[in-house]
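As provided, input07.pdb (PDB, C-alpha atoms, pLDDT in the B column) reads as follows.
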MODEL        1
ATOM      1  CA  MET A 493     -19.613  -7.751  13.074  1.00 33.00           C
ATOM      2  CA  ILE A 494     -16.540  -8.769  15.067  1.00 33.00           C
ATOM      3  CA  SER A 495     -17.279 -11.388  17.695  1.00 32.00           C
ATOM      4  CA  ILE A 496     -15.112 -11.840  20.764  1.00 30.00           C
ATOM      5  CA  LYS A 497     -14.778 -15.139  22.574  1.00 33.00           C
ATOM      6  CA  TYR A 498     -13.257 -15.739  25.960  1.00 30.00           C
ATOM      7  CA  LEU A 499     -11.721 -19.126  26.755  1.00 30.00           C
ATOM      8  CA  LYS A 500     -10.438 -19.916  30.221  1.00 33.00           C
ATOM      9  CA  PHE A 501      -7.310 -21.977  30.705  1.00 33.00           C
ATOM     10  CA  LYS A 502      -5.092 -22.760  33.664  1.00 36.00           C
ATOM     11  CA  CYS A 503      -2.860 -19.873  32.607  1.00 37.00           C
ATOM     12  CA  GLY A 504      -5.738 -17.428  33.029  1.00 42.00           C
ATOM     13  CA  VAL A 505      -8.184 -15.809  30.648  1.00 41.00           C
ATOM     14  CA  CYS A 506      -7.122 -15.586  26.990  1.00 39.00           C
ATOM     15  CA  LEU A 507      -8.849 -13.287  24.507  1.00 39.00           C
ATOM     16  CA  PHE A 508      -9.602 -14.509  20.989  1.00 40.00           C
ATOM     17  CA  VAL A 509     -11.011 -12.221  18.311  1.00 44.00           C
ATOM     18  CA  PHE A 510     -12.755 -13.838  15.360  1.00 46.00           C
ATOM     19  CA  ILE A 511     -13.203 -11.667  12.271  1.00 52.00           C
ATOM     20  CA  PRO A 512     -15.580 -13.064   9.619  1.00 51.00           C
ATOM     21  CA  THR A 513     -13.974 -13.821   6.256  1.00 57.00           C
ATOM     22  CA  ASP A 514     -16.288 -11.425   4.394  1.00 56.00           C
ATOM     23  CA  THR A 515     -15.242  -8.610   6.716  1.00 55.00           C
ATOM     24  CA  LEU A 516     -11.563  -9.368   6.184  1.00 52.00           C
ATOM     25  CA  ARG A 517     -11.960  -9.389   2.418  1.00 55.00           C
ATOM     26  CA  GLY A 518     -13.605  -5.989   2.729  1.00 56.00           C
ATOM     27  CA  PHE A 519     -10.392  -4.662   4.257  1.00 55.00           C
ATOM     28  CA  GLN A 520      -8.564  -5.585   1.033  1.00 63.00           C
ATOM     29  CA  LYS A 521     -10.462  -2.811  -0.751  1.00 81.00           C
ATOM     30  CA  PHE A 522      -8.851  -0.276   1.580  1.00 89.00           C
ATOM     31  CA  CYS A 523      -5.338  -0.972   0.284  1.00 92.00           C
ATOM     32  CA  PRO A 524      -3.880   0.715  -2.802  1.00 92.00           C
ATOM     33  CA  PRO A 525      -4.809  -1.239  -5.972  1.00 92.00           C
ATOM     34  CA  LEU A 526      -1.771  -3.503  -6.269  1.00 93.00           C
ATOM     35  CA  GLY A 527      -3.634  -6.369  -7.913  1.00 90.00           C
ATOM     36  CA  SER A 528      -3.234  -9.959  -6.753  1.00 90.00           C
ATOM     37  CA  PRO A 529      -0.533 -11.188  -4.325  1.00 90.00           C
ATOM     38  CA  ASP A 530       1.510 -12.793  -7.110  1.00 91.00           C
ATOM     39  CA  GLU A 531       1.965  -9.468  -8.915  1.00 93.00           C
ATOM     40  CA  ARG A 532       4.885  -7.143  -8.219  1.00 94.00           C
ATOM     41  CA  PHE A 533       5.059  -3.379  -8.541  1.00 96.00           C
ATOM     42  CA  LYS A 534       8.292  -1.449  -8.929  1.00 95.00           C
ATOM     43  CA  VAL A 535       8.698   1.210  -6.223  1.00 94.00           C
ATOM     44  CA  THR A 536      10.595   4.486  -6.382  1.00 91.00           C
ATOM     45  CA  VAL A 537      11.117   6.721  -3.344  1.00 90.00           C
ATOM     46  CA  MET A 538      10.220  10.113  -4.791  1.00 88.00           C
ATOM     47  CA  GLY A 539      12.644  12.919  -4.076  1.00 86.00           C
ATOM     48  CA  SER A 540      15.602  10.578  -3.488  1.00 85.00           C
ATOM     49  CA  LEU A 541      18.692  11.233  -5.601  1.00 77.00           C
ATOM     50  CA  SER A 542      22.282  10.049  -6.159  1.00 70.00           C
ATOM     51  CA  PRO A 543      21.205   7.303  -6.550  1.00 76.00           C
ATOM     52  CA  PRO A 544      17.397   7.144  -6.274  1.00 83.00           C
ATOM     53  CA  ILE A 545      16.063   4.559  -3.830  1.00 88.00           C
ATOM     54  CA  GLY A 546      13.962   1.816  -5.371  1.00 90.00           C
ATOM     55  CA  GLY A 547      12.067  -1.200  -4.169  1.00 93.00           C
ATOM     56  CA  CYS A 548       9.153  -3.537  -4.711  1.00 95.00           C
ATOM     57  CA  ALA A 549       5.563  -3.919  -3.487  1.00 96.00           C
ATOM     58  CA  SER A 550       2.786  -6.500  -3.556  1.00 95.00           C
ATOM     59  CA  MET A 551      -0.453  -7.325  -1.830  1.00 93.00           C
ATOM     60  CA  GLN A 552      -0.228  -9.831   1.002  1.00 90.00           C
ATOM     61  CA  LYS A 553      -1.773 -13.220   0.510  1.00 87.00           C
ATOM     62  CA  PHE A 554      -5.179 -13.466   2.134  1.00 76.00           C
ATOM     63  CA  ARG A 555      -5.002 -15.220   5.504  1.00 75.00           C
ATOM     64  CA  ARG A 556      -7.916 -16.086   7.735  1.00 72.00           C
ATOM     65  CA  ASN A 557      -8.145 -13.922  10.869  1.00 72.00           C
ATOM     66  CA  GLU A 558      -5.454 -11.510   9.648  1.00 77.00           C
ATOM     67  CA  ILE A 559      -6.259  -7.994   8.473  1.00 83.00           C
ATOM     68  CA  PRO A 560      -5.165  -7.669   4.814  1.00 86.00           C
ATOM     69  CA  GLY A 561      -2.272  -5.429   3.893  1.00 93.00           C
ATOM     70  CA  PHE A 562       0.559  -4.946   1.445  1.00 96.00           C
ATOM     71  CA  ASN A 563       4.257  -5.792   1.409  1.00 96.00           C
ATOM     72  CA  LEU A 564       6.901  -3.141   0.793  1.00 95.00           C
ATOM     73  CA  TRP A 565      10.617  -3.721   0.164  1.00 95.00           C
ATOM     74  CA  LEU A 566      13.001  -0.764  -0.117  1.00 92.00           C
ATOM     75  CA  GLY A 567      16.652  -0.481  -1.114  1.00 89.00           C
ATOM     76  CA  ASP A 568      19.551   0.478   1.090  1.00 78.00           C
ATOM     77  CA  LEU A 569      19.728   4.082   2.280  1.00 73.00           C
ATOM     78  CA  GLN A 570      23.360   4.464   1.261  1.00 69.00           C
ATOM     79  CA  THR A 571      23.589   2.608  -2.033  1.00 66.00           C
ATOM     80  CA  GLY A 572      20.064   3.337  -3.252  1.00 67.00           C
ATOM     81  CA  SER A 573      18.760   1.176  -6.103  1.00 75.00           C
ATOM     82  CA  GLY A 574      16.481  -1.723  -5.159  1.00 85.00           C
ATOM     83  CA  ASN A 575      14.063  -3.676  -7.345  1.00 85.00           C
ATOM     84  CA  CYS A 576      11.941  -6.801  -7.242  1.00 90.00           C
ATOM     85  CA  ASP A 577      14.855  -9.047  -8.214  1.00 87.00           C
ATOM     86  CA  ASP A 578      17.179  -7.846  -5.454  1.00 88.00           C
ATOM     87  CA  GLU A 579      17.837  -9.576  -2.162  1.00 84.00           C
ATOM     88  CA  ASP A 580      18.564  -8.021   1.241  1.00 85.00           C
ATOM     89  CA  LEU A 581      16.029  -5.226   0.853  1.00 91.00           C
ATOM     90  CA  ASP A 582      14.466  -3.671   3.943  1.00 91.00           C
ATOM     91  CA  TYR A 583      11.036  -5.253   4.450  1.00 94.00           C
ATOM     92  CA  TYR A 584       7.881  -3.589   5.777  1.00 94.00           C
ATOM     93  CA  MET A 585       4.244  -4.611   5.952  1.00 95.00           C
ATOM     94  CA  PHE A 586       1.259  -2.324   6.360  1.00 95.00           C
ATOM     95  CA  GLN A 587      -2.276  -3.398   7.227  1.00 94.00           C
ATOM     96  CA  CYS A 588      -5.049  -1.313   5.648  1.00 94.00           C
ATOM     97  CA  LEU A 589      -7.685  -0.311   8.223  1.00 92.00           C
ATOM     98  CA  SER A 590      -9.886   2.327   6.580  1.00 92.00           C
ATOM     99  CA  LYS A 591     -10.354   4.310   3.375  1.00 93.00           C
ATOM    100  CA  ASN A 592     -11.868   7.744   2.746  1.00 94.00           C
ATOM    101  CA  SER A 593     -12.046   9.797  -0.422  1.00 93.00           C
ATOM    102  CA  PHE A 594      -9.987  12.940  -0.997  1.00 93.00           C
ATOM    103  CA  MET A 595     -11.984  15.454  -3.061  1.00 89.00           C
ATOM    104  CA  ASP A 596     -11.207  18.774  -4.710  1.00 86.00           C
ATOM    105  CA  GLU A 597     -13.332  21.909  -4.391  1.00 86.00           C
ATOM    106  CA  ASN A 598     -15.692  20.575  -7.073  1.00 87.00           C
ATOM    107  CA  GLU A 599     -16.197  17.317  -5.147  1.00 88.00           C
ATOM    108  CA  ASN A 600     -14.266  15.275  -7.680  1.00 88.00           C
ATOM    109  CA  ILE A 601     -12.403  12.327  -6.163  1.00 90.00           C
ATOM    110  CA  LYS A 602      -8.675  12.986  -6.531  1.00 91.00           C
ATOM    111  CA  GLY A 603      -7.372  10.212  -4.301  1.00 94.00           C
ATOM    112  CA  TRP A 604      -7.932   8.113  -1.195  1.00 95.00           C
ATOM    113  CA  TYR A 605      -6.845   8.488   2.409  1.00 96.00           C
ATOM    114  CA  VAL A 606      -5.951   5.099   3.898  1.00 96.00           C
ATOM    115  CA  THR A 607      -5.244   4.411   7.572  1.00 95.00           C
ATOM    116  CA  LEU A 608      -2.243   2.083   7.784  1.00 96.00           C
ATOM    117  CA  PHE A 609      -0.955   0.033  10.695  1.00 95.00           C
ATOM    118  CA  ASP A 610       2.599  -1.240  11.034  1.00 95.00           C
ATOM    119  CA  PRO A 611       2.186  -4.195  13.446  1.00 93.00           C
ATOM    120  CA  ALA A 612       5.872  -5.169  13.486  1.00 93.00           C
ATOM    121  CA  GLY A 613       7.102  -1.635  14.121  1.00 93.00           C
ATOM    122  CA  ARG A 614       9.763  -1.823  11.415  1.00 91.00           C
ATOM    123  CA  TRP A 615       8.861   1.505   9.804  1.00 90.00           C
ATOM    124  CA  SER A 616       9.374   3.784  12.811  1.00 87.00           C
ATOM    125  CA  GLY A 617      10.718   1.521  15.540  1.00 90.00           C
ATOM    126  CA  GLN A 618       7.389   0.721  17.164  1.00 92.00           C
ATOM    127  CA  ALA A 619       3.955  -0.526  16.136  1.00 94.00           C
ATOM    128  CA  ALA A 620       2.052   2.535  15.007  1.00 94.00           C
ATOM    129  CA  HIS A 621      -0.756   3.881  12.832  1.00 96.00           C
ATOM    130  CA  LYS A 622       0.043   6.048   9.827  1.00 96.00           C
ATOM    131  CA  CYS A 623      -2.128   8.135   7.566  1.00 97.00           C
ATOM    132  CA  SER A 624      -1.500   7.778   3.855  1.00 96.00           C
ATOM    133  CA  LEU A 625      -2.878   9.282   0.677  1.00 96.00           C
ATOM    134  CA  TYR A 626      -2.725   7.606  -2.715  1.00 96.00           C
ATOM    135  CA  SER A 627      -3.789   8.629  -6.188  1.00 95.00           C
ATOM    136  CA  LEU A 628      -3.994   6.687  -9.440  1.00 93.00           C
ATOM    137  CA  ILE A 629      -1.867   8.671 -11.884  1.00 92.00           C
ATOM    138  CA  LYS A 630      -2.427   6.318 -14.813  1.00 90.00           C
ATOM    139  CA  GLU A 631      -4.629   3.267 -15.247  1.00 87.00           C
ATOM    140  CA  ASP A 632      -2.924   1.239 -17.966  1.00 84.00           C
ATOM    141  CA  PRO A 633      -0.201   0.436 -17.217  1.00 87.00           C
ATOM    142  CA  PRO A 634      -1.005   1.354 -13.605  1.00 91.00           C
ATOM    143  CA  ILE A 635       0.960   4.146 -11.911  1.00 94.00           C
ATOM    144  CA  ILE A 636       0.130   4.912  -8.278  1.00 96.00           C
ATOM    145  CA  GLN A 637       1.517   7.735  -6.178  1.00 96.00           C
ATOM    146  CA  MET A 638       1.356   7.403  -2.380  1.00 96.00           C
ATOM    147  CA  VAL A 639       2.466   9.572   0.519  1.00 95.00           C
ATOM    148  CA  ILE A 640       2.785   8.072   4.020  1.00 95.00           C
ATOM    149  CA  SER A 641       2.781  10.473   6.960  1.00 94.00           C
ATOM    150  CA  ALA A 642       5.186  10.451   9.877  1.00 91.00           C
ATOM    151  CA  ASN A 643       2.274   9.769  12.245  1.00 91.00           C
ATOM    152  CA  ARG A 644      -1.468   9.116  12.187  1.00 91.00           C
ATOM    153  CA  SER A 645      -2.293  12.700  11.191  1.00 94.00           C
ATOM    154  CA  CYS A 646      -3.382  13.343   7.596  1.00 95.00           C
ATOM    155  CA  ASP A 647      -2.604  17.079   7.789  1.00 93.00           C
ATOM    156  CA  GLY A 648      -0.440  18.272   4.925  1.00 91.00           C
ATOM    157  CA  LEU A 649      -0.499  15.034   2.893  1.00 92.00           C
ATOM    158  CA  ALA A 650      -2.505  16.528   0.022  1.00 92.00           C
ATOM    159  CA  ARG A 651      -0.125  19.492  -0.196  1.00 89.00           C
ATOM    160  CA  ARG A 652       2.891  17.190  -0.035  1.00 88.00           C
ATOM    161  CA  MET A 653       1.515  15.033  -2.837  1.00 88.00           C
ATOM    162  CA  GLY A 654       0.832  18.084  -5.006  1.00 87.00           C
ATOM    163  CA  GLU A 655       4.324  19.491  -4.480  1.00 84.00           C
ATOM    164  CA  VAL A 656       6.359  16.291  -4.272  1.00 80.00           C
ATOM    165  CA  GLU A 657       8.306  17.042  -7.465  1.00 78.00           C
ATOM    166  CA  LYS A 658       9.581  20.290  -5.930  1.00 77.00           C
ATOM    167  CA  HIS A 659      11.253  18.699  -2.908  1.00 79.00           C
ATOM    168  CA  ARG A 660      14.239  16.455  -2.313  1.00 82.00           C
ATOM    169  CA  VAL A 661      14.878  13.864   0.371  1.00 80.00           C
ATOM    170  CA  PRO A 662      17.915  14.684   2.558  1.00 75.00           C
ATOM    171  CA  GLU A 663      20.951  12.532   1.791  1.00 75.00           C
ATOM    172  CA  GLY A 664      20.971   9.251   3.693  1.00 71.00           C
ATOM    173  CA  LEU A 665      17.209   9.315   4.329  1.00 74.00           C
ATOM    174  CA  ARG A 666      14.030   8.095   2.657  1.00 83.00           C
ATOM    175  CA  HIS A 667      11.730  10.725   4.134  1.00 82.00           C
ATOM    176  CA  PHE A 668      11.285  14.461   3.770  1.00 84.00           C
ATOM    177  CA  GLU A 669      11.926  16.977   6.544  1.00 82.00           C
ATOM    178  CA  ASP A 670       8.399  16.511   7.909  1.00 85.00           C
ATOM    179  CA  GLY A 671       8.892  12.733   8.181  1.00 85.00           C
ATOM    180  CA  SER A 672       6.589  11.827   5.288  1.00 90.00           C
ATOM    181  CA  VAL A 673       7.628   9.402   2.544  1.00 90.00           C
ATOM    182  CA  ALA A 674       6.477   9.630  -1.077  1.00 92.00           C
ATOM    183  CA  LEU A 675       6.352   6.440  -3.132  1.00 94.00           C
ATOM    184  CA  LEU A 676       5.670   5.773  -6.801  1.00 94.00           C
ATOM    185  CA  PHE A 677       4.322   2.319  -7.750  1.00 96.00           C
ATOM    186  CA  THR A 678       4.634   1.303 -11.397  1.00 95.00           C
ATOM    187  CA  LYS A 679       3.947  -1.860 -13.344  1.00 89.00           C
ATOM    188  CA  ASN A 680       4.398  -2.658 -17.011  1.00 68.00           C
ATOM    189  CA  TRP A 681       1.725  -4.965 -18.397  1.00 57.00           C
ATOM    190  CA  PRO A 682       2.330  -7.053 -21.518  1.00 49.00           C
ATOM    191  CA  GLN A 683       0.159  -5.465 -24.191  1.00 42.00           C
ATOM    192  CA  THR A 684       0.646  -7.530 -27.330  1.00 37.00           C
ATOM    193  CA  THR A 685      -2.400  -8.291 -29.449  1.00 34.00           C
ATOM    194  CA  SER A 686      -2.593 -11.841 -28.125  1.00 39.00           C
ATOM    195  CA  ASP A 687      -2.478 -10.573 -24.532  1.00 41.00           C
ATOM    196  CA  MET A 688      -5.558  -8.428 -25.061  1.00 35.00           C
ATOM    197  CA  TYR A 689      -7.573 -11.583 -25.740  1.00 39.00           C
ATOM    198  CA  ASP A 690      -6.011 -13.641 -22.964  1.00 47.00           C
ATOM    199  CA  ASP A 691      -8.381 -14.490 -20.070  1.00 51.00           C
ATOM    200  CA  ASP A 692      -5.659 -14.267 -17.411  1.00 50.00           C
ATOM    201  CA  TYR A 693      -4.602 -10.850 -18.679  1.00 40.00           C
ATOM    202  CA  ARG A 694      -8.177  -9.521 -18.601  1.00 43.00           C
ATOM    203  CA  LYS A 695      -8.716 -10.879 -15.095  1.00 49.00           C
ATOM    204  CA  LYS A 696      -5.573  -9.163 -13.786  1.00 45.00           C
ATOM    205  CA  ARG A 697      -6.487  -5.849 -15.423  1.00 44.00           C
ATOM    206  CA  SER A 698     -10.064  -5.950 -14.126  1.00 45.00           C
ATOM    207  CA  ALA A 699      -8.885  -6.822 -10.600  1.00 48.00           C
ATOM    208  CA  VAL A 700      -6.715  -3.690 -10.492  1.00 44.00           C
ATOM    209  CA  LEU A 701      -9.169  -1.316 -12.124  1.00 44.00           C
ATOM    210  CA  ASP A 702     -12.154  -2.534 -10.101  1.00 48.00           C
ATOM    211  CA  SER A 703     -10.294  -2.000  -6.829  1.00 44.00           C
ATOM    212  CA  VAL A 704      -9.411   1.561  -7.867  1.00 41.00           C
ATOM    213  CA  HIS A 705     -13.012   2.654  -8.317  1.00 40.00           C
ATOM    214  CA  ARG A 706     -14.488   1.037  -5.184  1.00 44.00           C
TER
ENDMDL
END

Represent the structure contained in this file as structure tokens.
Amino acid sequence: MISIKYLKFKCGVCLFVFIPTDTLRGFQKFCPPLGSPDERFKVTVMGSLSPPIGGCASMQKFRRNEIPGFNLWLGDLQTGSGNCDDEDLDYYMFQCLSKNSFMDENENIKGWYVTLFDPAGRWSGQAAHKCSLYSLIKEDPPIIQMVISANRSCDGLARRMGEVEKHRVPEGLRHFEDGSVALLFTKNWPQTTSDMYDDDYRKKRSAVLDSVHR
């Protein structure tokens, strides 16, 4: 439960919101399964061409009294490219507020709707909520597809995800005509024989796979 405390100072009444650590860690499960904060995923803006726009993503480090989220860096609109080794990428951060399953007609889970919040307002020019839908395309190495809506509505995201390969992003933009953005997160894990018996490797793999199935 979130507890609210009021403290009175000479400047007036200030509002402090304390969120228990266990509750905050629960919010981490709402984000797409990007592993630990020290891991980096390559990002491709789907539908972008000549050249395709790339970028990088990672989970944010856990901070007390801050809702967990993930970092997203994207390349320049004009020159495209962009990867985890580049500098001067456009930076965004999304907090993950809720998570609900997306099921097919047979009630099989095909993905997850996640409510995102952009507190800095860098994505659309003002702080705003966005609906997103992600799906795990492949587990090992992990490949995640995600569509972020132009607003807080989830309408049309499932159709957009299913037809993303058929559409192209207009030149000079990252988003489709409806304002949605489709992202592909990929990561190549070392898979030598020695790695398969390495404790750190197994911990990283289990952290990603466990978060997918929660």

Centre, edges in Å (one decimal): axis-aligned box, range 612-631 of chain A, 5 Å padding on all six sides, as AutoDock Vina command-line options:
--center_x 3.0 --center_y 2.1 --center_z 1.0 --size_x 25.3 --size_y 24.5 --size_z 42.4

Two-atom distance - CA of Ser624 in chain A, CA of Leu649 in chain A (Å):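 Those two atoms sit 7.4 Å apart.
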
Selection: 10 Å around range 593-600 of chain A, only C-alpha atoms, excl. self and same-chain fewer than 5 positions, as a list in words: Tyr605, Val606, Leu625, Tyr626, Ser627 and Ala650 of chain A

Separation of CA of Lys679 in chain A from CA of Met585 in chain A in Å: 19.5 Å

Residues in the PyMOL selection byres ((chain A and resi 533) around 6), expressed as a VMD selection string: chain A and resid 532 534 548 to 549 677 to 679

Minimum-distance residue to Cys623 in chain A, chosen among A:Leu564, A:Gly654, A:Cys646, A:Val639 (using all atoms listed in the file): A:Cys646

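Proximity to range 608-612 of chain A at 8 Å, evaluated using only C-alpha atoms and with sequence-adjacent residues fewer than 5 positions away removed, yields Tyr584, Met585, Phe586, Gln587, Cys588, Leu589, Ser590, Gln618, Ala619, Ala620, His621, Lys622, Cys623 and Ser624 of chain A.
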
Two-atom distance - CA of Leu675 in chain A, CA of Lys553 in chain A (Å): 21.6 Å

Matched chain/residue IDs from the PyMOL selection byres ((chain A and resi 580) around 10), as number ranges by chain: A: 565-568, 574, 578-579, 581-583

Dump C-alpha atoms for the selected residues as a compact mmCIF listing (two decimals), in the coordinates of the input?
# COMPACT_ATOMS: atom_id res chain seq x y z
CA TRP A 565 10.62 -3.72 0.16
CA LEU A 566 13.00 -0.76 -0.12
CA GLY A 567 16.65 -0.48 -1.11
CA ASP A 568 19.55 0.48 1.09
CA GLY A 574 16.48 -1.72 -5.16
CA ASP A 578 17.18 -7.85 -5.45
CA GLU A 579 17.84 -9.58 -2.16
CA LEU A 581 16.03 -5.23 0.85
CA ASP A 582 14.47 -3.67 3.94
CA TYR A 583 11.04 -5.25 4.45

Residue IDs satisfying the PyMOL selection byres ((chain A and resi 628) around 9), as a list of chain:residue names: A:Pro524, A:Pro525, A:Lys602, A:Gly603, A:Tyr626, A:Ser627, A:Ile629, A:Lys630, A:Glu631, A:Pro634, A:Ile635, A:Ile636, A:Gln637, A:Met638, A:Val704

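In this comparison, which uses all atoms listed in the file, the residue of A:Gly671, A:Gly539, A:Gly561, A:Pro633 approaching Val656 in chain A most closely is A:Gly539.
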